[in-house]
>>> print(open('structure.txt').read())   # compact mmCIF, C-alpha atoms
# COMPACT_ATOMS: atom_id res chain seq x y z
CA MET A 26 -14.18 0.48 -42.99
CA GLN A 27 -10.46 0.19 -42.27
CA LEU A 28 -7.62 2.58 -41.54
CA THR A 29 -4.08 1.59 -42.46
CA VAL A 30 -1.56 1.75 -39.64
CA ASN A 31 2.05 2.65 -40.41
CA GLY A 32 3.70 -0.70 -40.90
CA GLY A 33 1.05 -2.20 -43.16
CA GLU A 34 -1.55 -3.37 -40.65
CA ALA A 35 -5.17 -2.23 -40.75
CA ILE A 36 -7.68 -1.55 -38.01
CA GLU A 37 -11.46 -1.56 -38.20
CA VAL A 38 -13.07 1.83 -37.61
CA SER A 39 -16.62 3.08 -37.53
CA ASP A 40 -18.09 4.48 -40.74
CA ALA A 41 -20.01 7.02 -38.66
CA VAL A 42 -16.78 8.55 -37.38
CA PHE A 43 -14.40 8.22 -40.34
CA ASP A 44 -16.69 8.02 -43.38
CA ARG A 45 -19.31 10.71 -42.84
CA PRO A 46 -20.25 13.10 -45.68
CA TYR A 47 -18.78 16.58 -45.39
CA VAL A 48 -21.25 19.21 -44.15
CA GLU A 49 -19.60 22.61 -44.45
CA ASP A 50 -22.34 24.60 -42.68
CA LEU A 51 -22.21 22.33 -39.63
CA VAL A 52 -18.42 22.51 -39.37
CA HIS A 53 -18.47 26.29 -39.77
CA GLN A 54 -21.10 26.76 -37.07
CA VAL A 55 -19.32 24.54 -34.55
CA VAL A 56 -15.88 26.08 -35.22
CA VAL A 57 -17.24 29.62 -34.86
CA ALA A 58 -19.06 28.68 -31.66
CA TYR A 59 -15.94 27.05 -30.21
CA MET A 60 -13.79 30.11 -30.96
CA ALA A 61 -16.46 32.45 -29.60
CA GLY A 62 -16.56 30.46 -26.37
CA ALA A 63 -12.83 31.03 -25.93
CA ARG A 64 -13.25 34.81 -25.85
CA SER A 65 -12.90 36.31 -22.39
CA GLY A 66 -15.48 39.05 -22.92
CA THR A 67 -14.00 41.14 -20.09
CA LYS A 68 -13.55 44.40 -22.01
CA ALA A 69 -15.03 47.32 -20.04
CA GLN A 70 -15.20 51.08 -20.65
CA LYS A 71 -16.89 53.87 -18.74
CA THR A 72 -19.84 55.94 -19.88
CA ARG A 73 -20.10 59.65 -19.12
CA ALA A 74 -22.14 58.76 -16.03
CA GLU A 75 -19.36 56.56 -14.64
CA VAL A 76 -16.34 58.82 -15.21
CA VAL A 77 -15.13 60.74 -12.14
CA GLY A 78 -15.63 64.51 -12.25
CA GLY A 79 -17.59 66.79 -14.52
CA LYS A 80 -20.19 67.81 -11.96
CA ALA A 81 -19.77 71.58 -12.29
CA LYS A 82 -20.37 73.55 -15.45
CA PRO A 83 -16.84 74.36 -16.74
CA TRP A 84 -17.68 78.00 -17.65
CA LYS A 85 -20.72 80.22 -17.80
CA GLN A 86 -23.20 79.81 -20.63
CA LYS A 87 -22.68 83.17 -22.33
CA GLY A 88 -20.05 85.80 -22.84
CA THR A 89 -16.86 83.69 -23.05
CA GLY A 90 -16.75 83.26 -26.83
CA ARG A 91 -16.47 79.50 -26.41
CA ALA A 92 -19.01 76.83 -27.19
CA ARG A 93 -21.62 75.95 -24.60
CA ALA A 94 -20.54 73.19 -22.24
CA GLY A 95 -22.26 71.63 -19.27
CA THR A 96 -19.67 69.02 -18.30
CA THR A 97 -16.08 68.09 -18.95
CA ARG A 98 -16.84 64.39 -19.03
CA GLY A 99 -18.78 64.14 -22.29
CA PRO A 100 -17.60 61.86 -25.10
CA ILE A 101 -15.99 64.72 -27.06
CA TRP A 102 -13.78 65.72 -24.13
CA ARG A 103 -10.37 64.28 -23.34
CA GLY A 104 -10.85 62.17 -20.22
CA GLY A 105 -14.57 61.91 -20.84
CA GLY A 106 -16.70 58.78 -21.04
CA ARG A 107 -17.35 56.73 -24.16
CA ALA A 108 -20.57 57.30 -26.10
CA PHE A 109 -21.18 53.56 -26.58
CA ALA A 110 -19.02 52.04 -23.88
CA ALA A 111 -18.07 48.37 -24.14
CA LYS A 112 -19.28 46.24 -21.24
CA PRO A 113 -18.42 42.70 -20.13
CA ARG A 114 -20.40 40.17 -22.12
CA ASN A 115 -20.63 36.47 -22.79
CA PHE A 116 -19.89 35.43 -26.38
CA GLU A 117 -20.89 31.79 -25.83
CA GLN A 118 -23.05 30.20 -28.54
CA LYS A 119 -25.20 27.18 -27.87
CA VAL A 120 -24.12 24.01 -29.67
CA ASN A 121 -25.79 20.80 -28.59
CA ARG A 122 -23.95 17.51 -28.19
CA LYS A 123 -25.31 15.98 -31.39
CA MET A 124 -24.10 18.92 -33.50
CA PHE A 125 -20.65 18.91 -31.89
CA ARG A 126 -20.17 15.18 -32.41
CA GLY A 127 -21.44 15.45 -35.97
CA ALA A 128 -18.95 18.21 -36.76
CA MET A 129 -16.07 16.22 -35.25
CA GLN A 130 -17.06 13.14 -37.28
CA THR A 131 -17.27 15.27 -40.43
CA ILE A 132 -13.83 16.79 -39.89
CA LEU A 133 -12.17 13.43 -39.15
CA SER A 134 -13.81 11.91 -42.23
CA GLU A 135 -12.60 14.75 -44.44
CA LEU A 136 -9.07 14.45 -43.03
CA ARG A 137 -9.11 10.76 -43.96
CA ARG A 138 -10.38 11.49 -47.48
CA GLN A 139 -7.65 14.10 -47.99
CA ASP A 140 -5.03 11.65 -46.67
CA ARG A 141 -4.02 14.08 -43.91
CA ILE A 142 -4.41 11.63 -41.03
CA ASN A 143 -1.70 9.09 -40.18
CA VAL A 144 -2.36 6.22 -37.77
CA ILE A 145 0.58 4.78 -35.85
CA GLN A 146 0.59 1.76 -33.58
CA SER A 147 1.96 3.55 -30.51
CA LEU A 148 4.12 6.48 -29.47
CA GLU A 149 6.55 5.75 -26.67
CA ILE A 150 9.21 8.40 -25.93
CA ALA A 151 12.03 7.05 -23.76
CA GLU A 152 13.51 10.45 -22.92
CA PRO A 153 12.30 14.05 -23.18
CA LYS A 154 14.23 15.03 -26.28
CA THR A 155 12.92 16.55 -29.49
CA LYS A 156 15.27 14.45 -31.62
CA VAL A 157 13.78 11.26 -30.14
CA LEU A 158 10.28 12.38 -31.09
CA LEU A 159 11.33 13.29 -34.63
CA ASN A 160 12.91 9.86 -35.05
CA ALA A 161 9.88 8.07 -33.58
CA VAL A 162 7.27 9.77 -35.78
CA ASP A 163 7.62 10.42 -39.49
CA PHE A 164 6.31 13.95 -40.05
CA ASN A 165 7.46 17.35 -41.22
CA ALA A 166 8.16 19.51 -38.16
CA LYS A 167 7.49 22.64 -40.23
CA GLU A 168 3.89 21.58 -40.92
CA ARG A 169 1.11 22.32 -38.46
CA THR A 170 0.89 18.87 -36.91
CA LEU A 171 -1.57 17.61 -34.32
CA ILE A 172 -0.52 14.48 -32.41
CA ILE A 173 -3.42 12.67 -30.74
CA VAL A 174 -2.60 10.07 -28.11
CA SER A 175 -4.62 8.20 -25.51
CA GLU A 176 -2.54 9.68 -22.70
CA VAL A 177 0.16 12.36 -22.71
CA ASN A 178 3.19 11.56 -20.55
CA ASP A 179 5.86 14.02 -19.44
CA ASN A 180 8.48 12.80 -21.91
CA LEU A 181 6.19 13.27 -24.89
CA PHE A 182 5.03 16.68 -23.72
CA LEU A 183 8.56 17.93 -23.15
CA ALA A 184 9.85 16.46 -26.43
CA ALA A 185 7.14 18.23 -28.46
CA ARG A 186 7.26 21.51 -26.55
CA ASN A 187 10.23 22.80 -28.52
CA LEU A 188 8.48 22.35 -31.89
CA PRO A 189 6.40 25.48 -32.57
CA HIS A 190 4.08 23.84 -35.14
CA VAL A 191 3.48 20.59 -33.27
CA HIS A 192 0.70 20.24 -30.71
CA VAL A 193 0.12 17.13 -28.58
CA VAL A 194 -3.35 16.45 -27.18
CA GLU A 195 -5.19 13.58 -25.55
CA ALA A 196 -8.06 11.97 -27.43
CA TYR A 197 -10.80 13.22 -25.10
CA ALA A 198 -9.51 16.83 -25.39
CA VAL A 199 -9.49 17.12 -29.20
CA ASP A 200 -11.37 20.18 -30.44
CA PRO A 201 -12.66 21.12 -33.91
CA VAL A 202 -10.44 24.20 -34.26
CA SER A 203 -7.24 22.19 -33.74
CA LEU A 204 -8.38 19.56 -36.24
CA VAL A 205 -9.34 22.10 -38.90
CA GLY A 206 -6.09 24.05 -38.46
CA ALA A 207 -3.80 21.02 -38.67
CA GLU A 208 -2.09 20.21 -41.94
CA ARG A 209 -1.23 16.74 -40.65
CA VAL A 210 -2.84 14.67 -37.90
CA VAL A 211 -0.91 11.81 -36.30
CA VAL A 212 -3.03 9.54 -34.09
CA THR A 213 -2.19 6.36 -32.21
CA ALA A 214 -4.30 3.20 -32.51
CA ASP A 215 -5.43 3.51 -28.87
CA ALA A 216 -6.46 7.12 -29.49
CA VAL A 217 -8.52 6.01 -32.50
CA ASN A 218 -10.45 3.62 -30.26
CA LYS A 219 -11.03 6.38 -27.72
CA LEU A 220 -12.23 8.75 -30.42
CA GLN A 221 -14.69 6.13 -31.60
CA GLU A 222 -15.97 5.53 -28.07
CA TRP A 223 -16.48 9.26 -27.65
CA LEU A 224 -17.95 10.15 -31.05
CA ALA A 225 -19.71 6.99 -32.27
>>> encode(input="structure.txt", output="structure tokens")
Amino acid sequence: MQLTVNGGEAIEVSDAVFDRPYVEDLVHQVVVAYMAGARSGTKAQKTRAEVVGGKAKPWKQKGTGRARAGTTRGPIWRGGGRAFAAKPRNFEQKVNRKMFRGAMQTILSELRRQDRINVIQSLEIAEPKTKVLLNAVDFNAKERTLIIVSEVNDNLFLAARNLPHVHVVEAYAVDPVSLVGAERVVVTADAVNKLQEWLA
């Protein structure tokens, strides 16, 4: 199949990458796994056995008029340990290479069908200014826009840094969450070739 480049030209692209049927379950599983893998999992709390203190019985068993207590470090005490303390854990979910590539192909194909992907011939920014980038690429800066290029140079990075809804990424670093969250995807012709080499 072909993708139309801004300017009227057309480039040949792989049907496997840009014309794959949409599989919602696959996309959902890969997106959830990718977001889970980004979690640090470093939350840690102390149990009653780990909290300092509480060795001695705070008062005698009988005769005080207060409830029985054997420690001041139980879960119901201020400064005590947690009943079900959170511990560091790994949230990573296994997704094999075939599933990941399939999900990426599905997302790119759906973006093409919804006309949310724009292919441009190249993106050369002469100086690191936001105005130059806005003049070079026709897009709405208020939309969540993902710009995919074959290689990010300093001028492009600095020009896009001031736009809160615009994210620039190299072709090999594209992830499913960024693609799904983008309202508009702008990709250069070289980046399309790299995506096909990676995903085909």
>>> residues_around(input="structure.txt", residues="Glu117 in chain A", least_positions_apart="3", cutoff="10 Å", atoms="only C-alpha atoms", output="list in words")
Val57, Ala58, Tyr59, Met60, Ala61, Gly62, Ala63, Arg64, Ser65, Gly66, Arg114 and Val120 of chain A
>>> atom_distance(input="structure.txt", atom1="CA of Arg141 in chain A", atom2="CA of Leu183 in chain A")
24.6 Å
>>> residues_around(input="structure.txt", residues="Val193 in chain A", least_positions_apart="2", cutoff="9 Å", atoms="all atoms listed in the file", output="PyMOL selection string")
chain A and resi 170-174+177+181-182+185-186+191+195
>>> atom_distance(input="structure.txt", atom1="CA of Glu176 in chain A", atom2="CA of Thr155 in chain A")
18.2 Å
>>> residues_around(input="structure.txt", residues="Ala110 in chain A", least_positions_apart="4", cutoff="7 Å", atoms="all atoms listed in the file", output="ChimeraX atom specification")
/A:70-72
>>> write_last_selection(input="structure.txt", atoms="C-alpha atoms", output="PDB file, keeping the file's coordinate frame")
ATOM      1  CA  GLN A  70     -15.200  51.080 -20.650  1.00  0.00           C
ATOM      2  CA  LYS A  71     -16.890  53.870 -18.740  1.00  0.00           C
ATOM      3  CA  THR A  72     -19.840  55.940 -19.880  1.00  0.00           C
TER       4      THR A  72
END
>>> closest_residue(input="structure.txt", among="A:Lys68, A:Arg73, A:Arg103, A:Arg209", to="Asp163 in chain A", atoms="only C-alpha atoms")
A:Arg209
>>> residues_near_point(input="structure.txt", point="(-4.5, 7.9, -38.8)", cutoff="9 Å", atoms="only C-alpha atoms", output="MDAnalysis selection string")
chainID A and resid 28:31 137 140:145 210:214 217
>>> closest_residue(input="structure.txt", among="A:Gly106, A:Lys156, A:Ala196, A:Pro201", to="Leu136 in chain A", atoms="all atoms listed in the file")
A:Pro201
>>> closest_residue(input="structure.txt", among="A:Lys87, A:Arg93, A:His53, A:Arg107", to="Ala74 in chain A", atoms="all atoms listed in the file")
A:Arg107
>>> residues_around(input="structure.txt", residues="Gly95 in chain A", least_positions_apart="5", cutoff="9 Å", atoms="only C-alpha atoms", output="MDAnalysis selection string")
chainID A and resid 79:86
>>> axis_aligned_box(input="structure.txt", around="range 99-117 of chain A", padding_each_side="5 Å", output="JSON")
{"center_x": -15.8, "center_y": 48.8, "center_z": -23.6, "size_x": 20.8, "size_y": 43.9, "size_z": 16.9}
>>> atom_distance(input="structure.txt", atom1="CA of Tyr47 in chain A", atom2="CA of Phe125 in chain A")
13.8 Å
>>> residues_near_point(input="structure.txt", point="(-23.4, 11.9, -29.1)", cutoff="7 Å", atoms="only C-alpha atoms", output="VMD selection string")
chain A and resid 122 to 123 126 224 to 225
>>> decode(input="structure.txt", residues="range 86-106 of chain A", atoms="C-alpha atoms", output="PDB file, in the first residue's frame")
ATOM      1  CA  GLN A  86      -2.703  -6.425  82.621  1.00  0.00           C
ATOM      2  CA  LYS A  87      -5.295  -5.665  85.299  1.00  0.00           C
ATOM      3  CA  GLY A  88      -6.409  -2.897  87.580  1.00  0.00           C
ATOM      4  CA  THR A  89      -5.799   0.192  85.410  1.00  0.00           C
ATOM      5  CA  GLY A  90      -9.261   0.458  83.865  1.00  0.00           C
ATOM      6  CA  ARG A  91      -7.735   0.547  80.393  1.00  0.00           C
ATOM      7  CA  ALA A  92      -7.839  -2.069  77.695  1.00  0.00           C
ATOM      8  CA  ARG A  93      -5.253  -4.830  77.701  1.00  0.00           C
ATOM      9  CA  ALA A  94      -2.121  -3.990  75.739  1.00  0.00           C
ATOM     10  CA  GLY A  95       1.064  -5.923  75.191  1.00  0.00           C
ATOM     11  CA  THR A  96       2.918  -3.498  72.917  1.00  0.00           C
ATOM     12  CA  THR A  97       2.779   0.074  71.720  1.00  0.00           C
ATOM     13  CA  ARG A  98       3.762  -0.852  68.191  1.00  0.00           C
ATOM     14  CA  GLY A  99       0.614  -2.651  67.040  1.00  0.00           C
ATOM     15  CA  PRO A 100      -1.325  -1.439  63.989  1.00  0.00           C
ATOM     16  CA  ILE A 101      -3.943   0.381  66.092  1.00  0.00           C
ATOM     17  CA  TRP A 102      -1.322   2.499  67.854  1.00  0.00           C
ATOM     18  CA  ARG A 103       0.060   5.794  66.611  1.00  0.00           C
ATOM     19  CA  GLY A 104       3.629   5.078  65.548  1.00  0.00           C
ATOM     20  CA  GLY A 105       2.896   1.387  65.223  1.00  0.00           C
ATOM     21  CA  GLY A 106       3.512  -0.878  62.242  1.00  0.00           C
TER      22      GLY A 106
END
